[in-house]
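> Input my_file-v4.pdb, format and content: PDB, C-alpha atoms.
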ATOM      1  CA  ARG F 147       2.802  13.444  12.380
ATOM      2  CA  GLU F 148       3.326   9.823  11.385
ATOM      3  CA  LEU F 149       6.584  10.662   9.613
ATOM      4  CA  ALA F 150       7.756  12.717  12.587
ATOM      5  CA  SER F 151       7.013   9.758  14.874
ATOM      6  CA  ILE F 152       8.961   7.405  12.598
ATOM      7  CA  HIS F 153      11.982   9.724  12.596
ATOM      8  CA  ARG F 154      11.826  10.095  16.397
ATOM      9  CA  CYS F 155      11.835   6.339  16.951
ATOM     10  CA  ASP F 156      14.755   3.938  16.869
ATOM     11  CA  MET F 157      12.668   1.385  14.991
ATOM     12  CA  THR F 158       9.221   1.330  13.389
ATOM     13  CA  LEU F 159       7.242  -1.848  12.706
ATOM     14  CA  VAL F 160       5.809  -1.781   9.183
ATOM     15  CA  CYS F 161       2.963  -4.089   8.215
ATOM     16  CA  SER F 162       3.776  -4.722   4.560
ATOM     17  CA  PRO F 163       6.613  -4.564   2.001
ATOM     18  CA  TYR F 164       4.614  -1.941   0.089
ATOM     19  CA  GLU F 165       4.671   0.532   3.001
ATOM     20  CA  MET F 166       8.316  -0.318   3.700
ATOM     21  CA  ASN F 167       9.356   0.502   0.128
ATOM     22  CA  LEU F 168       7.166   3.618   0.083
ATOM     23  CA  LEU F 169       8.754   5.038   3.232
ATOM     24  CA  GLN F 170      12.245   4.472   1.870
ATOM     25  CA  ARG F 171      11.592   5.589  -1.705
ATOM     26  CA  GLU F 172       9.248   8.547  -1.239
ATOM     27  CA  TYR F 173      10.095   9.831   2.240
ATOM     28  CA  GLY F 174      13.770   8.986   2.647
ATOM     29  CA  VAL F 175      13.406   6.894   5.800
ATOM     30  CA  SER F 176      16.483   4.763   6.385
ATOM     31  CA  LYS F 177      15.986   1.013   6.040
ATOM     32  CA  ASP F 178      17.754   0.640   9.400
ATOM     33  CA  LYS F 179      14.812   2.349  11.098
ATOM     34  CA  LEU F 180      12.201   0.006   9.619
ATOM     35  CA  CYS F 181      11.301  -3.580  10.460
ATOM     36  CA  LEU F 182       8.831  -5.605   8.429
ATOM     37  CA  ALA F 183       6.269  -7.047  10.832
ATOM     38  CA  SER F 184       3.403  -8.466   8.822
ATOM     39  CA  PHE F 185       0.330  -9.982  10.429
ATOM     40  CA  PHE F 186       0.950 -12.781  12.917
ATOM     41  CA  VAL F 187      -1.056 -15.867  12.032
ATOM     42  CA  ASP F 188      -0.903 -18.973  14.198
ATOM     43  CA  PRO F 189      -0.595 -21.897  11.755
ATOM     44  CA  SER F 190      -2.600 -24.103  14.119
ATOM     45  CA  SER F 191      -5.591 -21.768  13.729
ATOM     46  CA  ILE F 192      -5.849 -22.379   9.979
ATOM     47  CA  VAL F 193      -8.880 -24.529   9.252
ATOM     48  CA  HIS F 194      -7.853 -27.418   6.991
ATOM     49  CA  THR F 195     -10.568 -29.951   7.791
ATOM     50  CA  ASN F 196     -12.167 -31.234   4.581
ATOM     51  CA  LEU F 197     -11.682 -27.886   2.856
ATOM     52  CA  MET F 198      -9.925 -29.356  -0.140
ATOM     53  CA  GLU F 199     -12.869 -31.629  -0.807
ATOM     54  CA  ARG F 200     -15.360 -28.786  -0.987
ATOM     55  CA  GLY F 201     -14.975 -26.573  -4.007
ATOM     56  CA  GLU F 202     -17.578 -27.469  -6.573
ATOM     57  CA  VAL F 203     -21.134 -26.192  -6.628
ATOM     58  CA  THR F 204     -22.776 -28.183  -9.380
ATOM     59  CA  ASN F 205     -26.290 -29.066  -8.216
ATOM     60  CA  ASP F 206     -29.127 -26.582  -8.600
ATOM     61  CA  ASP F 207     -29.916 -26.923  -4.889
ATOM     62  CA  ASP F 208     -26.353 -25.995  -3.915
ATOM     63  CA  GLU F 209     -25.669 -22.420  -2.865
ATOM     64  CA  THR F 210     -22.790 -19.965  -3.077
ATOM     65  CA  LYS F 211     -22.668 -17.217  -0.487
ATOM     66  CA  PHE F 212     -20.683 -14.122  -1.414
ATOM     67  CA  ILE F 213     -19.418 -12.351   1.695
ATOM     68  CA  PHE F 214     -18.282  -8.852   2.594
ATOM     69  CA  CYS F 215     -17.008  -7.998   6.074
ATOM     70  CA  GLY F 216     -15.720  -4.702   7.414
ATOM     71  CA  GLY F 217     -16.467  -1.950   9.935
ATOM     72  CA  PHE F 218     -18.325   0.976   8.418
ATOM     73  CA  LEU F 219     -16.512   3.692  10.332
ATOM     74  CA  HIS F 220     -13.744   2.963   7.812
ATOM     75  CA  ASP F 221     -14.498   4.842   4.584
ATOM     76  CA  PRO F 222     -12.907   2.258   2.236
ATOM     77  CA  ASN F 223     -15.401  -0.343   3.481
ATOM     78  CA  VAL F 224     -18.395   1.931   2.901
ATOM     79  CA  ASP F 225     -17.190   2.660  -0.614
ATOM     80  CA  ALA F 226     -16.531  -1.038  -1.341
ATOM     81  CA  VAL F 227     -20.068  -2.029  -0.345
ATOM     82  CA  GLN F 228     -21.512   0.758  -2.470
ATOM     83  CA  VAL F 229     -19.542  -0.627  -5.419
ATOM     84  CA  LEU F 230     -20.813  -4.112  -4.614
ATOM     85  CA  LEU F 231     -24.448  -3.040  -4.501
ATOM     86  CA  LYS F 232     -24.422  -0.645  -7.429
ATOM     87  CA  HIS F 233     -22.090  -2.325  -9.908
ATOM     88  CA  VAL F 234     -20.891  -5.797  -8.940
ATOM     89  CA  TRP F 235     -24.012  -7.566  -7.664
ATOM     90  CA  PRO F 236     -26.374  -6.560 -10.513
ATOM     91  CA  LYS F 237     -23.831  -7.658 -13.136
ATOM     92  CA  LEU F 238     -22.866 -10.819 -11.265
ATOM     93  CA  ARG F 239     -26.489 -11.963 -11.113
ATOM     94  CA  THR F 240     -26.811 -11.637 -14.910
ATOM     95  CA  MET F 241     -23.732 -13.836 -15.387
ATOM     96  CA  VAL F 242     -25.001 -16.683 -13.194
ATOM     97  CA  PRO F 243     -27.572 -19.150 -14.552
ATOM     98  CA  ALA F 244     -31.002 -18.612 -13.005
ATOM     99  CA  SER F 245     -30.923 -22.152 -11.628
ATOM    100  CA  LYS F 246     -27.915 -21.392  -9.443
ATOM    101  CA  ARG F 247     -28.520 -20.252  -5.886
ATOM    102  CA  ILE F 248     -26.400 -17.238  -4.898
ATOM    103  CA  SER F 249     -26.656 -14.647  -2.158
ATOM    104  CA  LEU F 250     -24.696 -11.618  -0.950
ATOM    105  CA  HIS F 251     -24.105 -11.219   2.797
ATOM    106  CA  ILE F 252     -22.832  -7.910   4.195
ATOM    107  CA  HIS F 253     -21.414  -7.860   7.731
ATOM    108  CA  GLY F 254     -19.987  -4.958   9.697
ATOM    109  CA  ALA F 255     -20.532  -2.710  12.696
ATOM    110  CA  TYR F 256     -21.899   0.853  12.428
ATOM    111  CA  CYS F 257     -23.614   0.080   9.145
ATOM    112  CA  PRO F 258     -25.102   3.302   7.683
ATOM    113  CA  GLU F 259     -28.817   3.504   7.075
ATOM    114  CA  SER F 260     -28.329   3.740   3.311
ATOM    115  CA  ILE F 261     -26.719   0.297   3.294
ATOM    116  CA  LEU F 262     -29.153  -1.200   5.820
ATOM    117  CA  GLN F 263     -31.965  -0.210   3.480
ATOM    118  CA  SER F 264     -30.344  -2.292   0.733
ATOM    119  CA  HIS F 265     -31.395  -5.472   2.561
ATOM    120  CA  SER F 266     -33.437  -7.309  -0.060
ATOM    121  CA  PRO F 267     -33.794 -11.096   0.285
ATOM    122  CA  GLN F 268     -35.784 -11.271  -2.950
ATOM    123  CA  ASN F 269     -32.686  -9.910  -4.724
ATOM    124  CA  GLY F 270     -30.352 -12.134  -2.742
ATOM    125  CA  ILE F 271     -28.984  -9.295  -0.572
ATOM    126  CA  PHE F 272     -28.723  -9.798   3.194
ATOM    127  CA  VAL F 273     -27.391  -6.907   5.282
ATOM    128  CA  HIS F 274     -26.547  -8.376   8.697
ATOM    129  CA  GLY F 275     -24.780  -5.363  10.215
ATOM    130  CA  TYR F 276     -22.784  -6.113  13.352
ATOM    131  CA  THR F 277     -22.005  -9.810  13.757
ATOM    132  CA  PRO F 278     -20.351 -10.594  17.134
ATOM    133  CA  ARG F 279     -18.489 -13.748  16.116
ATOM    134  CA  LEU F 280     -16.113 -13.793  13.160
ATOM    135  CA  GLU F 281     -16.643 -17.546  13.000
ATOM    136  CA  ASP F 282     -20.250 -16.936  11.999
ATOM    137  CA  ILE F 283     -19.059 -14.848   9.054
ATOM    138  CA  PHE F 284     -16.080 -16.783   7.784
ATOM    139  CA  ASP F 285     -17.006 -20.346   8.698
ATOM    140  CA  ASN F 286     -16.911 -22.221   5.393
ATOM    141  CA  SER F 287     -18.447 -25.416   6.705
ATOM    142  CA  ASN F 288     -19.779 -27.889   4.210
ATOM    143  CA  ASN F 289     -23.509 -27.690   4.897
ATOM    144  CA  ASN F 290     -25.916 -24.950   5.801
ATOM    145  CA  GLN F 291     -28.929 -25.335   8.072
ATOM    146  CA  SER F 292     -31.107 -26.700   5.264
ATOM    147  CA  GLY F 293     -28.623 -29.478   4.572
ATOM    148  CA  ARG F 294     -27.647 -28.073   1.184
ATOM    149  CA  LYS F 295     -24.012 -27.739   0.206
ATOM    150  CA  SER F 296     -22.797 -24.158   0.616
ATOM    151  CA  ASN F 297     -19.546 -22.511  -0.395
ATOM    152  CA  LYS F 298     -18.422 -19.001   0.512
ATOM    153  CA  ILE F 299     -16.356 -16.486  -1.452
ATOM    154  CA  LEU F 300     -15.146 -13.154  -0.074
ATOM    155  CA  LEU F 301     -15.770 -10.152  -2.336
ATOM    156  CA  ALA F 302     -13.638  -7.092  -1.518
ATOM    157  CA  PRO F 303     -13.859  -4.453  -4.291
ATOM    158  CA  LEU F 304     -11.720  -1.918  -2.410
ATOM    159  CA  ARG F 305     -10.820   1.243  -4.316
ATOM    160  CA  PHE F 306      -8.677   2.971  -1.681
ATOM    161  CA  GLY F 307      -7.082   2.244   1.684
ATOM    162  CA  ALA F 308      -3.710   1.076   2.903
ATOM    163  CA  GLY F 309      -2.087  -1.849   4.653
ATOM    164  CA  ILE F 310      -2.754  -5.555   4.578
ATOM    165  CA  LYS F 311      -6.468  -6.262   4.685
ATOM    166  CA  GLY F 312      -7.398  -8.409   7.681
ATOM    167  CA  LYS F 313     -10.615  -9.596   6.046
ATOM    168  CA  ILE F 314      -8.589 -11.324   3.319
ATOM    169  CA  LEU F 315      -6.407 -13.197   5.800
ATOM    170  CA  ASP F 316      -9.464 -14.171   7.860
ATOM    171  CA  ALA F 317     -11.080 -15.579   4.741
ATOM    172  CA  TRP F 318      -8.002 -17.627   3.837
ATOM    173  CA  MET F 319      -7.718 -18.933   7.381
ATOM    174  CA  ASN F 320     -11.162 -20.455   6.937
ATOM    175  CA  GLY F 321     -10.605 -21.803   3.445
ATOM    176  CA  MET F 322     -12.504 -19.038   1.666
ATOM    177  CA  PRO F 323     -11.223 -17.801  -1.723
ATOM    178  CA  VAL F 324     -11.077 -14.046  -2.277
ATOM    179  CA  VAL F 325     -11.887 -11.758  -5.192
ATOM    180  CA  THR F 326     -10.427  -8.303  -4.692
ATOM    181  CA  THR F 327      -8.699  -5.362  -6.370
ATOM    182  CA  PRO F 328      -5.027  -4.305  -6.579
ATOM    183  CA  ILE F 329      -5.703  -2.066  -3.556
ATOM    184  CA  GLY F 330      -7.173  -5.027  -1.656
ATOM    185  CA  SER F 331      -4.168  -7.228  -2.383
ATOM    186  CA  GLU F 332      -1.638  -4.496  -1.603
ATOM    187  CA  GLY F 333       1.200  -5.720   0.586
ATOM    188  CA  ILE F 334       0.544  -9.425  -0.046
ATOM    189  CA  VAL F 335       3.611 -10.643  -1.910
ATOM    190  CA  VAL F 336       3.041 -13.054  -4.789
ATOM    191  CA  GLN F 337       5.537 -14.033  -7.465
ATOM    192  CA  LYS F 338       2.837 -14.178 -10.129
ATOM    193  CA  GLU F 339      -0.868 -13.394 -10.283
ATOM    194  CA  ASP F 340      -1.894 -17.052 -10.124
ATOM    195  CA  ASP F 341      -0.257 -17.384  -6.690
ATOM    196  CA  PHE F 342      -2.983 -15.293  -5.050
ATOM    197  CA  GLY F 343      -5.662 -17.166  -3.108
ATOM    198  CA  GLY F 344      -8.427 -16.166  -5.482
ATOM    199  CA  ALA F 345      -8.314 -13.341  -8.011
ATOM    200  CA  VAL F 346      -7.131  -9.727  -8.251
ATOM    201  CA  CYS F 347      -9.192  -7.676 -10.727
ATOM    202  CA  SER F 348      -9.177  -4.093 -11.974
ATOM    203  CA  THR F 349     -12.563  -3.939 -13.731
ATOM    204  CA  VAL F 350     -16.108  -4.836 -12.690
ATOM    205  CA  HIS F 351     -16.391  -7.307 -15.570
ATOM    206  CA  ASP F 352     -13.204  -9.154 -14.608
ATOM    207  CA  PHE F 353     -14.252  -9.064 -10.966
ATOM    208  CA  CYS F 354     -17.602 -10.715 -11.708
ATOM    209  CA  GLU F 355     -16.074 -13.174 -14.166
ATOM    210  CA  SER F 356     -13.572 -14.335 -11.532
ATOM    211  CA  ALA F 357     -16.326 -14.683  -8.944
ATOM    212  CA  VAL F 358     -18.341 -16.885 -11.306
ATOM    213  CA  ALA F 359     -15.283 -18.994 -12.128
ATOM    214  CA  LEU F 360     -14.656 -19.612  -8.430
ATOM    215  CA  MET F 361     -18.307 -20.322  -7.804
ATOM    216  CA  THR F 362     -18.432 -23.003 -10.509
ATOM    217  CA  ASN F 363     -14.935 -24.256  -9.659
ATOM    218  CA  SER F 364     -13.873 -23.796 -13.273
ATOM    219  CA  ASP F 365     -10.701 -25.884 -13.822
ATOM    220  CA  GLY F 366     -10.643 -26.572 -10.078
ATOM    221  CA  CYS F 367      -9.902 -22.907  -9.309
ATOM    222  CA  TYR F 368     -11.881 -22.889  -6.028
ATOM    223  CA  SER F 369      -9.809 -25.620  -4.407
ATOM    224  CA  LYS F 370      -6.607 -24.177  -5.925
ATOM    225  CA  ALA F 371      -7.439 -20.792  -4.411
ATOM    226  CA  GLN F 372      -7.928 -22.434  -1.010
ATOM    227  CA  THR F 373      -4.519 -24.086  -1.254
ATOM    228  CA  ARG F 374      -2.794 -20.877  -2.339
ATOM    229  CA  GLY F 375      -4.434 -18.932   0.460
ATOM    230  CA  PHE F 376      -3.087 -21.430   2.997
ATOM    231  CA  GLN F 377       0.363 -21.295   1.407
ATOM    232  CA  LEU F 378       0.496 -17.493   1.546
ATOM    233  CA  LEU F 379      -0.538 -17.492   5.196
ATOM    234  CA  GLN F 380       2.234 -19.918   6.044
ATOM    235  CA  LYS F 381       4.864 -18.186   3.912
ATOM    236  CA  GLU F 382       4.203 -14.514   4.669
ATOM    237  CA  PHE F 383       2.308 -14.371   7.951
ATOM    238  CA  ASP F 384       3.571 -17.204  10.153
ATOM    239  CA  SER F 385       3.540 -15.745  13.679
ATOM    240  CA  GLU F 386       6.583 -17.637  14.962
ATOM    241  CA  HIS F 387       8.767 -16.533  12.049
ATOM    242  CA  ASN F 388       7.585 -12.927  12.095
ATOM    243  CA  TRP F 389       8.029 -12.582  15.852
ATOM    244  CA  ASP F 390      11.563 -13.969  15.494
ATOM    245  CA  VAL F 391      12.367 -11.247  12.964
ATOM    246  CA  VAL F 392      11.129  -8.504  15.306
ATOM    247  CA  HIS F 393      12.898 -10.018  18.315
ATOM    248  CA  HIS F 394      16.183 -10.260  16.404
ATOM    249  CA  ARG F 395      15.978  -6.614  15.328
ATOM    250  CA  LEU F 396      15.247  -5.455  18.884
ATOM    251  CA  GLN F 397      18.193  -7.402  20.239
ATOM    252  CA  SER F 398      20.417  -6.004  17.504
ATOM    253  CA  LEU F 399      19.378  -2.460  18.451
ATOM    254  CA  GLN F 400      20.114  -3.026  22.124
ATOM    255  CA  HIS F 401      23.503  -4.662  21.710
ATOM    256  CA  HIS F 402      25.068  -2.807  18.787
ATOM    257  CA  GLY F 403      25.715   0.791  19.800
ATOM    258  CA  LEU F 404      22.263   2.344  20.081
ATOM    259  CA  ALA F 405      23.689   5.553  21.557
ATOM    260  CA  ASN F 406      26.138   6.016  18.691
ATOM    261  CA  ARG F 407      23.433   5.330  16.168
ATOM    262  CA  ARG F 408      21.242   8.035  17.718
ATOM    263  CA  GLN F 409      24.107  10.524  17.529
ATOM    264  CA  ARG F 410      24.405   9.879  13.806
ATOM    265  CA  ASP F 411      20.715  10.649  13.262
ATOM    266  CA  PRO F 412      20.344  14.456  13.036
ATOM    267  CA  VAL F 413      16.681  14.342  11.986
ATOM    268  CA  ARG F 414      15.795  12.363  15.104
ATOM    269  CA  ALA F 415      17.792  14.783  17.263
ATOM    270  CA  MET F 416      15.964  17.802  15.799
ATOM    271  CA  LEU F 417      12.564  16.228  16.350
ATOM    272  CA  TRP F 418      13.415  15.396  19.949
ATOM    273  CA  HIS F 419      14.444  19.006  20.657
ATOM    274  CA  GLN F 420      12.116  20.663  23.174
ATOM    275  CA  SER F 421      11.028  23.366  20.717
ATOM    276  CA  LEU F 422       9.492  20.715  18.440
ATOM    277  CA  ARG F 423       7.761  18.767  21.206
ATOM    278  CA  SER F 424       4.755  21.032  21.670
ATOM    279  CA  THR F 425       2.346  18.125  21.958
ATOM    280  CA  LYS F 426       4.216  16.723  24.934
ATOM    281  CA  TYR F 427       4.197  19.998  26.837
ATOM    282  CA  PHE F 428       0.625  20.793  25.846
ATOM    283  CA  SER F 429      -0.478  17.425  27.240
ATOM    284  CA  LYS F 430       1.437  18.133  30.462
ATOM    285  CA  TRP F 431      -0.380  21.478  30.755
ATOM    286  CA  ILE F 432      -3.752  19.745  30.324
ATOM    287  CA  GLU F 433      -2.806  17.156  32.942
ATOM    288  CA  GLU F 434      -1.773  19.867  35.419
ATOM    289  CA  LYS F 435      -4.953  21.834  34.723
ATOM    290  CA  GLU F 436      -7.171  18.780  35.307
ATOM    291  CA  THR F 437      -5.283  17.953  38.511
ATOM    292  CA  LYS F 438      -5.941  21.420  39.908
ATOM    293  CA  HIS F 439      -9.628  21.199  38.993
ATOM    294  CA  THR F 440      -9.888  17.863  40.776
ATOM    295  CA  GLN F 441      -8.217  19.240  43.895
ATOM    296  CA  GLN F 442     -10.556  22.245  43.938
ATOM    297  CA  ASP F 443     -13.603  19.979  43.644
ATOM    298  CA  LYS F 444     -12.468  18.103  46.721
TER     299      LYS F 444
END
With the file now loaded, output its structure as structure tokens.

Amino acid sequence: RELASIHRCDMTLVCSPYEMNLLQREYGVSKDKLCLASFFVDPSSIVHTNLMERGEVTNDDDETKFIFCGGFLHDPNVDAVQVLLKHVWPKLRTMVPASKRISLHIHGAYCPESILQSHSPQNGIFVHGYTPRLEDIFDNSNNNQSGRKSNKILLAPLRFGAGIKGKILDAWMNGMPVVTTPIGSEGIVVQKEDDFGGAVCSTVHDFCESAVALMTNSDGCYSKAQTRGFQLLQKEFDSEHNWDVVHHRLQSLQHHGLANRRQRDPVRAMLWHQSLRSTKYFSKWIEEKETKHTQQDK
């Protein structure tokens, strides 16, 4: 149905270069029918204040909070948290000196009972469930309520799913480095691996190792990851630039022979034929049926 909708339309907005290439390469969709429209981030909303000064957790009283955020009606998020709890967190705790304070915080609506039952403060696991304000999740402010220094790192061990992951952009907007997988970083264009605002890992060991490196700010990697996250937001997701691209394509469609272009698109013409528009006529039948029922009730 998605492909049929794309072929029916004059232009489809695509959220990442990965999906754009996939549609052209695997499904034969013309590049002229696609427009890259990545996320729209307002540069003024990016939190810069003092973030570059806060990347080293060296004192035993300092704390690192590892964060996961995602709605649990989305299967990739459920699977990612299961990976976190079963594989990542146990191994990560063995790689961190006992003197270091770390905790795992899981946020997300519709949290299943199996994950809620994983709440275990003695093991550093806090399952918060639904959290109304994103600021309460992603705020990477310098001090927690006890006055201790606290840094946050987003952990996103996603094994399947598509599109650009909003949780990663939200983390970068608040100066939070990210450790994720190739699936998690899909659609975020980097020239080389080091350009990512954190780390992209394919194994549990590498994932945990990168998390520890960020936590200890090994070779200044925490503050470097913050900087790279900001740079990627500005380069790939600037709202003003991305809206200009969409606006230009819409104007081009309107003023450069849209009717002729439609005539040269036989697939679109076939899909707009009445015999292939059963959903439209079925919905009209339902609407007419409901109208008659309403009139009879009156």
> I want to know what sits within 9 Å of Lys179 (chain F), based on only C-alpha atoms, with residues of the same chain fewer than 2 positions away left out; could you give that as a VMD selection string?
chain F and resid 152 to 153 155 to 159 175 to 177 181
> Once you count all atoms listed in the file, what closest atom pair and distance in Å to one decimal does each residue of region 310-406 of chain F within 8 Å of region 296-304 of chain F have, with rows by chain and rising residue number, as a tab-separated table?

residue	atom	partner	partner_atom	distance
F:Ile314	CA	F:Leu300	CA	7.6
F:Ala317	CA	F:Leu300	CA	6.8
F:Met322	CA	F:Ile299	CA	5.6
F:Pro323	CA	F:Ile299	CA	5.3
F:Val324	CA	F:Leu300	CA	4.7
F:Val325	CA	F:Leu301	CA	5.1
F:Thr326	CA	F:Ala302	CA	4.7
F:Thr327	CA	F:Pro303	CA	5.6
F:Ile329	CA	F:Leu304	CA	6.1
F:Gly330	CA	F:Leu304	CA	5.6
F:Ala357	CA	F:Ile299	CA	7.7
F:Leu360	CA	F:Ile299	CA	7.8
F:Met361	CA	F:Ile299	CA	7.7
> Next, dump the selected residues to file, keeping only C-alpha atoms, as a JSON list (two decimals), in the frame of the given file.

[["chain", "number", "residue", "atom", "x", "y", "z"],
["F", 314, "ILE", "CA", -8.59, -11.32, 3.32],
["F", 317, "ALA", "CA", -11.08, -15.58, 4.74],
["F", 322, "MET", "CA", -12.50, -19.04, 1.67],
["F", 323, "PRO", "CA", -11.22, -17.80, -1.72],
["F", 324, "VAL", "CA", -11.08, -14.05, -2.28],
["F", 325, "VAL", "CA", -11.89, -11.76, -5.19],
["F", 326, "THR", "CA", -10.43, -8.30, -4.69],
["F", 327, "THR", "CA", -8.70, -5.36, -6.37],
["F", 329, "ILE", "CA", -5.70, -2.07, -3.56],
["F", 330, "GLY", "CA", -7.17, -5.03, -1.66],
["F", 357, "ALA", "CA", -16.33, -14.68, -8.94],
["F", 360, "LEU", "CA", -14.66, -19.61, -8.43],
["F", 361, "MET", "CA", -18.31, -20.32, -7.80]]
> Suppose you want the space between CA of Gln409 (chain F) and CA of Arg154 (chain F); what is it in Å?
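According to the coordinates, CA of Gln409 (chain F) and CA of Arg154 (chain F) are separated by 12.3 Å.
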> As an exercise, work out the distance from CA of Phe214 (chain F) to CA of Phe185 (chain F) in Å and give it to one decimal place.
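Going from CA of Phe214 (chain F) over to CA of Phe185 (chain F) covers 20.2 Å.
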> So what does the PyMOL selection byres ((chain F and resi 308-310) around 9) actually pick up in this one, as a compact mmCIF listing (two decimals) with C-alpha atoms, in the frame of the given file?

# COMPACT_ATOMS: atom_id res chain seq x y z
CA CYS F 161 2.96 -4.09 8.22
CA SER F 162 3.78 -4.72 4.56
CA TYR F 164 4.61 -1.94 0.09
CA GLU F 165 4.67 0.53 3.00
CA SER F 184 3.40 -8.47 8.82
CA PHE F 185 0.33 -9.98 10.43
CA PHE F 306 -8.68 2.97 -1.68
CA GLY F 307 -7.08 2.24 1.68
CA LYS F 311 -6.47 -6.26 4.68
CA GLY F 312 -7.40 -8.41 7.68
CA LYS F 313 -10.62 -9.60 6.05
CA ILE F 314 -8.59 -11.32 3.32
CA LEU F 315 -6.41 -13.20 5.80
CA ILE F 329 -5.70 -2.07 -3.56
CA GLY F 330 -7.17 -5.03 -1.66
CA SER F 331 -4.17 -7.23 -2.38
CA GLU F 332 -1.64 -4.50 -1.60
CA GLY F 333 1.20 -5.72 0.59
CA ILE F 334 0.54 -9.43 -0.05
> When you draw a straight line from CA of Gly321 (chain F) to CA of Asp188 (chain F), how long is it in Å?
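Computing it gives 14.8 Å between the two atoms.
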> What lies within 10 Å of Leu250 (chain F) using only C-alpha atoms, ignoring chain neighbours under 4 positions off, as a short mmCIF file (atom, residue, chain, number, x, y, z; two decimals) with C-alpha atoms, in the frame of the given file?

data_model
loop_
_atom_site.label_atom_id
_atom_site.label_comp_id
_atom_site.auth_asym_id
_atom_site.auth_seq_id
_atom_site.Cartn_x
_atom_site.Cartn_y
_atom_site.Cartn_z
CA THR F 210 -22.79 -19.96 -3.08
CA LYS F 211 -22.67 -17.22 -0.49
CA PHE F 212 -20.68 -14.12 -1.41
CA ILE F 213 -19.42 -12.35 1.70
CA PHE F 214 -18.28 -8.85 2.59
CA LEU F 230 -20.81 -4.11 -4.61
CA LEU F 231 -24.45 -3.04 -4.50
CA TRP F 235 -24.01 -7.57 -7.66
CA HIS F 265 -31.40 -5.47 2.56
CA SER F 266 -33.44 -7.31 -0.06
CA PRO F 267 -33.79 -11.10 0.28
CA ASN F 269 -32.69 -9.91 -4.72
CA GLY F 270 -30.35 -12.13 -2.74
CA ILE F 271 -28.98 -9.30 -0.57
CA PHE F 272 -28.72 -9.80 3.19
CA VAL F 273 -27.39 -6.91 5.28
CA LYS F 298 -18.42 -19.00 0.51
CA ILE F 299 -16.36 -16.49 -1.45
CA LEU F 300 -15.15 -13.15 -0.07
CA LEU F 301 -15.77 -10.15 -2.34
#
> Here's a test: counting all atoms listed in the file, identify every protein, DNA and RNA residue with an atom at most 12 Å from (-19.4, -9.9, 16.9) in the file's coordinate frame, and state them as number ranges by chain.
F: 215-217, 253-256, 274-284
> If you count only C-alpha atoms, which residues fall within 8 Å of Ser348 (chain F), apart from same-chain ones fewer than 3 positions away, as a PDB file with C-alpha atoms, in the frame of the given file?

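Result went into out-v8.pdb, see below:
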ATOM      1  CA  THR F 327      -8.699  -5.362  -6.370  1.00  0.00           C
ATOM      2  CA  PRO F 328      -5.027  -4.305  -6.579  1.00  0.00           C
ATOM      3  CA  ASP F 352     -13.204  -9.154 -14.608  1.00  0.00           C
ATOM      4  CA  PHE F 353     -14.252  -9.064 -10.966  1.00  0.00           C
TER       5      PHE F 353
END
> Which residue, F:Ile192, F:Leu417, F:Leu219, F:Met166, has the smallest gap to Asn320 (chain F) when you use only C-alpha atoms?
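Among the listed residues, F:Ile192 lies closest to Asn320 (chain F).
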> Neighbouring residues of region 384-394 of chain F were defined as those with any atom within 9 Å, considering only C-alpha atoms; residues of the same chain fewer than 2 positions away were excluded. Please report them as a PyMOL selection string.
chain F and resi 159+181-189+379-382+396-399
> The selected residues should be written to file as an mmCIF file, in the frame of the given file (atoms: C-alpha atoms).

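Written output follows (again_0.cif):
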data_model
loop_
_atom_site.group_PDB
_atom_site.id
_atom_site.type_symbol
_atom_site.label_atom_id
_atom_site.label_comp_id
_atom_site.auth_asym_id
_atom_site.auth_seq_id
_atom_site.Cartn_x
_atom_site.Cartn_y
_atom_site.Cartn_z
ATOM 1 C CA LEU F 159 7.242 -1.848 12.706
ATOM 2 C CA CYS F 181 11.301 -3.580 10.460
ATOM 3 C CA LEU F 182 8.831 -5.605 8.429
ATOM 4 C CA ALA F 183 6.269 -7.047 10.832
ATOM 5 C CA SER F 184 3.403 -8.466 8.822
ATOM 6 C CA PHE F 185 0.330 -9.982 10.429
ATOM 7 C CA PHE F 186 0.950 -12.781 12.917
ATOM 8 C CA VAL F 187 -1.056 -15.867 12.032
ATOM 9 C CA ASP F 188 -0.903 -18.973 14.198
ATOM 10 C CA PRO F 189 -0.595 -21.897 11.755
ATOM 11 C CA LEU F 379 -0.538 -17.492 5.196
ATOM 12 C CA GLN F 380 2.234 -19.918 6.044
ATOM 13 C CA LYS F 381 4.864 -18.186 3.912
ATOM 14 C CA GLU F 382 4.203 -14.514 4.669
ATOM 15 C CA LEU F 396 15.247 -5.455 18.884
ATOM 16 C CA GLN F 397 18.193 -7.402 20.239
ATOM 17 C CA SER F 398 20.417 -6.004 17.504
ATOM 18 C CA LEU F 399 19.378 -2.460 18.451
#
> For region 240-244 of chain F, please output as a ChimeraX atom specification all residues within 10 Å (counting only C-alpha atoms; exclusion window: fewer than 6 positions along the same chain).
/F:206,351,354-355,357-358,361-362
> Those residues you just picked out, can you put them in a file as a short mmCIF file (atom, residue, chain, number, x, y, z; two decimals), in the coordinates of the input with C-alpha atoms?

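Output contents, as saved in out38.cif:
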data_model
loop_
_atom_site.label_atom_id
_atom_site.label_comp_id
_atom_site.auth_asym_id
_atom_site.auth_seq_id
_atom_site.Cartn_x
_atom_site.Cartn_y
_atom_site.Cartn_z
CA ASP F 206 -29.13 -26.58 -8.60
CA HIS F 351 -16.39 -7.31 -15.57
CA CYS F 354 -17.60 -10.72 -11.71
CA GLU F 355 -16.07 -13.17 -14.17
CA ALA F 357 -16.33 -14.68 -8.94
CA VAL F 358 -18.34 -16.89 -11.31
CA MET F 361 -18.31 -20.32 -7.80
CA THR F 362 -18.43 -23.00 -10.51
#
> So which one's closest to Ile252 (chain F), F:Ala226, F:Pro236, F:Leu378, F:Trp431? Using only C-alpha atoms, please.
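Closest to Ile252 (chain F) of all the choices is F:Ala226.
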